[in-house]
$ cat run_32.pdb   # PDB, C-alpha atoms and all ligand atoms
ATOM      1  CA  MET A   1       6.577   0.153   1.448
ATOM      2  CA  SER A   2      10.041   1.591   1.417
ATOM      3  CA  LYS A   3       9.026   5.207   1.573
ATOM      4  CA  ILE A   4       7.939   5.713   5.146
ATOM      5  CA  SER A   5      10.076   8.769   5.745
ATOM      6  CA  GLY A   6      10.471   9.900   2.159
ATOM      7  CA  LYS A   7       9.924  13.627   2.092
ATOM      8  CA  GLU A   8       8.675  13.794  -1.460
ATOM      9  CA  THR A   9       6.702  10.688  -2.220
ATOM     10  CA  LYS A  10       5.272  10.724  -5.669
ATOM     11  CA  PRO A  11       1.557  11.093  -4.861
ATOM     12  CA  GLU A  12       2.339  14.273  -2.939
ATOM     13  CA  ILE A  13       4.062  15.714  -5.947
ATOM     14  CA  ILE A  14       1.071  14.909  -8.122
ATOM     15  CA  VAL A  15      -1.253  16.776  -5.801
ATOM     16  CA  ARG A  16       1.106  19.733  -5.446
ATOM     17  CA  LYS A  17       1.578  20.053  -9.170
ATOM     18  CA  PHE A  18      -2.145  19.991  -9.722
ATOM     19  CA  LEU A  19      -2.780  22.659  -7.106
ATOM     20  CA  PHE A  20       0.007  24.812  -8.454
ATOM     21  CA  SER A  21      -1.337  24.532 -12.006
ATOM     22  CA  LYS A  22      -4.688  25.809 -10.721
ATOM     23  CA  GLY A  23      -3.075  28.813  -9.120
ATOM     24  CA  PHE A  24      -2.966  27.596  -5.534
ATOM     25  CA  ARG A  25       0.048  28.418  -3.442
ATOM     26  CA  TYR A  26       1.004  26.259  -0.523
ATOM     27  CA  ARG A  27       3.605  25.386   2.043
ATOM     28  CA  LYS A  28       4.897  21.855   2.187
ATOM     29  CA  ASN A  29       5.998  19.493   4.963
ATOM     30  CA  VAL A  30       5.100  22.024   7.609
ATOM     31  CA  SER A  31       6.924  20.729  10.647
ATOM     32  CA  ASN A  32       5.426  23.045  13.247
ATOM     33  CA  LEU A  33       1.936  21.611  12.736
ATOM     34  CA  PRO A  34       0.777  18.246  14.113
ATOM     35  CA  GLY A  35       1.505  15.407  11.727
ATOM     36  CA  LYS A  36       3.811  17.604   9.650
ATOM     37  CA  PRO A  37       1.202  18.121   6.918
ATOM     38  CA  ASP A  38       2.250  17.467   3.323
ATOM     39  CA  ILE A  39       0.447  20.503   1.973
ATOM     40  CA  VAL A  40      -0.798  23.585   3.801
ATOM     41  CA  LEU A  41      -2.896  26.296   2.167
ATOM     42  CA  PRO A  42      -2.888  29.128   4.699
ATOM     43  CA  LYS A  43      -5.186  31.311   2.592
ATOM     44  CA  TYR A  44      -7.889  28.666   2.696
ATOM     45  CA  LYS A  45      -7.100  27.505   6.222
ATOM     46  CA  SER A  46      -6.793  24.059   4.687
ATOM     47  CA  ILE A  47      -4.455  21.159   5.183
ATOM     48  CA  ILE A  48      -4.007  18.216   2.854
ATOM     49  CA  PHE A  49      -2.470  14.922   3.832
ATOM     50  CA  VAL A  50      -1.530  12.692   0.931
ATOM     51  CA  HIS A  51      -1.622   9.275   2.508
ATOM     52  CA  GLY A  52      -0.033   6.070   1.340
ATOM     53  CA  CYS A  53      -2.733   3.405   1.605
ATOM     54  CA  PHE A  54      -0.522   0.865   3.311
ATOM     55  CA  TRP A  55       1.036   3.068   5.970
ATOM     56  CA  HIS A  56      -2.158   4.839   6.881
ATOM     57  CA  ASN A  57      -4.483   1.871   6.701
ATOM     58  CA  HIS A  58      -6.834   2.884   3.941
ATOM     59  CA  ASN A  59      -9.867   0.685   3.454
ATOM     60  CA  CYS A  60      -8.667  -0.639   0.102
ATOM     61  CA  LYS A  61      -6.756  -3.571  -1.266
ATOM     62  CA  ALA A  62      -3.487  -1.657  -1.432
ATOM     63  CA  ALA A  63      -3.550  -1.580   2.376
ATOM     64  CA  LYS A  64      -3.464  -5.327   2.751
ATOM     65  CA  LEU A  65      -0.898  -6.457   5.320
ATOM     66  CA  PRO A  66       1.964  -8.691   4.252
ATOM     67  CA  ASP A  67       1.745 -12.334   5.253
ATOM     68  CA  THR A  68       5.013 -12.263   7.143
ATOM     69  CA  ARG A  69       5.426 -10.591  10.525
ATOM     70  CA  LYS A  70       1.740  -9.927  10.617
ATOM     71  CA  GLU A  71       1.690  -8.959  14.287
ATOM     72  CA  PHE A  72       4.444  -6.431  13.816
ATOM     73  CA  TRP A  73       2.689  -4.793  10.898
ATOM     74  CA  THR A  74      -0.699  -4.809  12.573
ATOM     75  CA  LYS A  75       0.705  -2.945  15.557
ATOM     76  CA  LYS A  76       2.735  -0.549  13.465
ATOM     77  CA  ILE A  77      -0.095   0.357  11.125
ATOM     78  CA  SER A  78      -2.610   0.678  13.901
ATOM     79  CA  ASP A  79      -0.232   3.044  15.742
ATOM     80  CA  ASN A  80       0.011   5.119  12.594
ATOM     81  CA  LYS A  81      -3.737   5.260  12.316
ATOM     82  CA  THR A  82      -4.161   6.333  15.933
ATOM     83  CA  ARG A  83      -1.575   9.059  15.470
ATOM     84  CA  ASP A  84      -3.257  10.262  12.265
ATOM     85  CA  GLU A  85      -6.591  10.552  14.019
ATOM     86  CA  LYS A  86      -5.085  12.400  16.935
ATOM     87  CA  ASN A  87      -3.287  14.845  14.651
ATOM     88  CA  ARG A  88      -6.442  15.501  12.656
ATOM     89  CA  GLY A  89      -8.338  16.186  15.857
ATOM     90  CA  VAL A  90      -5.769  18.714  17.050
ATOM     91  CA  LEU A  91      -5.619  20.443  13.679
ATOM     92  CA  LYS A  92      -9.401  20.757  13.506
ATOM     93  CA  LYS A  93      -9.453  22.252  16.970
ATOM     94  CA  MET A  94      -6.897  24.775  15.767
ATOM     95  CA  GLY A  95      -9.392  25.778  13.079
ATOM     96  CA  TRP A  96      -7.888  23.976  10.103
ATOM     97  CA  LYS A  97      -9.927  22.114   7.541
ATOM     98  CA  VAL A  98      -8.261  18.773   7.035
ATOM     99  CA  PHE A  99      -8.439  16.830   3.781
ATOM    100  CA  ILE A 100      -7.006  13.441   2.960
ATOM    101  CA  VAL A 101      -6.084  12.295  -0.499
ATOM    102  CA  TRP A 102      -5.337   8.587  -0.712
ATOM    103  CA  GLU A 103      -2.632   7.240  -2.920
ATOM    104  CA  CYS A 104      -5.041   4.866  -4.666
ATOM    105  CA  GLU A 105      -7.421   7.716  -5.527
ATOM    106  CA  ILE A 106      -4.878   9.452  -7.689
ATOM    107  CA  LYS A 107      -2.838   6.520  -8.901
ATOM    108  CA  ASN A 108      -5.057   6.079 -11.904
ATOM    109  CA  LYS A 109      -4.925   9.005 -14.297
ATOM    110  CA  ASN A 110      -8.607   8.732 -15.157
ATOM    111  CA  ASN A 111      -9.686   9.169 -11.549
ATOM    112  CA  ARG A 112      -7.026  11.656 -10.658
ATOM    113  CA  GLU A 113      -8.394  14.767 -12.337
ATOM    114  CA  LYS A 114     -11.859  14.194 -10.954
ATOM    115  CA  ARG A 115     -10.588  13.533  -7.445
ATOM    116  CA  LEU A 116      -8.421  16.606  -7.388
ATOM    117  CA  GLU A 117     -11.130  18.832  -8.871
ATOM    118  CA  LEU A 118     -13.344  17.707  -6.020
ATOM    119  CA  LEU A 119     -10.617  18.547  -3.558
ATOM    120  CA  ILE A 120     -10.324  22.044  -4.959
ATOM    121  CA  ASN A 121     -14.083  22.517  -4.795
ATOM    122  CA  GLN A 122     -14.076  21.539  -1.156
ATOM    123  CA  ILE A 123     -11.177  23.819  -0.336
ATOM    124  CA  THR A 124     -12.670  26.867  -2.036
ATOM    125  CA  GLN A 125     -16.125  26.179  -0.673
ATOM    126  CA  ASN A 126     -14.660  26.502   2.780
ATOM    127  CA  GLU A 127     -13.310  29.883   1.926
ATOM    128  CA  GLN A 128     -16.749  31.107   0.955
ATOM    129  CA  LEU A 129     -18.121  29.809   4.208
ATOM    130  CA  PHE A 130     -15.536  31.786   6.113
ATOM    131  CA  LYS A 131     -16.312  34.944   4.177
ATOM    132  CA  THR A 132     -20.042  34.901   4.790
ATOM    133  CA  SER A 133     -19.883  33.995   8.439
TER     134      SER A 133
HETATM  135 ZN    ZN A 201      -6.286   3.134  -0.901
END
$ encode --input "run_32.pdb" --output "structure tokens" --more "lines below"
Ligand SMILES: [Zn+2]
Amino acid sequence: MSKISGKETKPEIIVRKFLFSKGFRYRKNVSNLPGKPDIVLPKYKSIIFVHGCFWHNHNCKAAKLPDTRKEFWTKKISDNKTRDEKNRGVLKKMGWKVFIVWECEIKNKNNREKRLELLINQITQNEQLFKTS
């Protein structure tokens, strides 16, 4: 919970390293795009947000609110979620494909590879769509 403004949270690094190892080149923490995306792949017109489950209200047990100051957290997290949705909407209108990788999806090493392979498939599929249209 302590990493709300951390520029390089660990899950982001995992995703970046994976992409890099597969030959993808990206920009990171792009501040002139809505939501300051963690990873931007201009060549594929794709944006990846690596979301912490708690802060971005993932539908999983890692997103469970603490028992203390419940009202505060409910408001805070719901504001985050609203902002996320708004940012995604704007980015899509700008023509970006927006992907979200959740912290819990890549936490476990066994799931990680599969999850990130899927991500890459989705990103490159988009490119083919652009080419043929
Ligand atoms: Zn989660």
$ resolve_selection --input "run_32.pdb" --expression "the PyMOL selection byres (((chain A and resi 118-121) around 12) and not hetatm)" --output "JSON, numbers by chain"
{"A": [15, 16, 18, 19, 20, 21, 22, 23, 24, 41, 44, 46, 47, 48, 49, 50, 97, 98, 99, 100, 101, 102, 105, 106, 111, 112, 113, 114, 115, 116, 117, 122, 123, 124, 125, 126, 127, 128]}
$ atom_distance --input "run_32.pdb" --atom1 "atom CA of A:Tyr26" --atom2 "atom CA of A:Ile39"
6.3 Å
$ closest_atom_pairs --input "run_32.pdb" --of "stretch 9-45 of chain A" --to "stretch 64-83 of chain A" --cutoff "12 Å" --atoms "only C-alpha atoms" --output "tab-separated table"
residue	atom	partner	partner_atom	distance
A:Pro34	CA	A:Arg83	CA	9.6
A:Gly35	CA	A:Arg83	CA	8.0
A:Lys36	CA	A:Arg83	CA	11.7
$ residues_near_ligand --input "run_32.pdb" --ligand "ligand ZN 201 (chain A)" --cutoff "10 Å" --atoms "only C-alpha atoms and all ligand atoms" --output "ChimeraX atom specification"
/A:51-54,56-64,101-107
$ atom_distance --input "run_32.pdb" --atom1 "atom CA of A:Gly89" --atom2 "atom CA of A:Lys28"
19.9 Å
$ closest_residue --input "run_32.pdb" --among "A:Glu85, A:Val90, A:Asn110, A:Ile13" --to "A:Asn29" --atoms "only C-alpha atoms"
A:Ile13
$ closest_residue --input "run_32.pdb" --among "A:Asp84, A:Leu91, A:Pro42, A:Leu33" --to "A:Trp55" --atoms "all atoms listed in the file"
A:Asp84
$ atom_distance --input "run_32.pdb" --atom1 "atom CA of A:Arg88" --atom2 "atom CA of A:Asn32"
14.1 Å
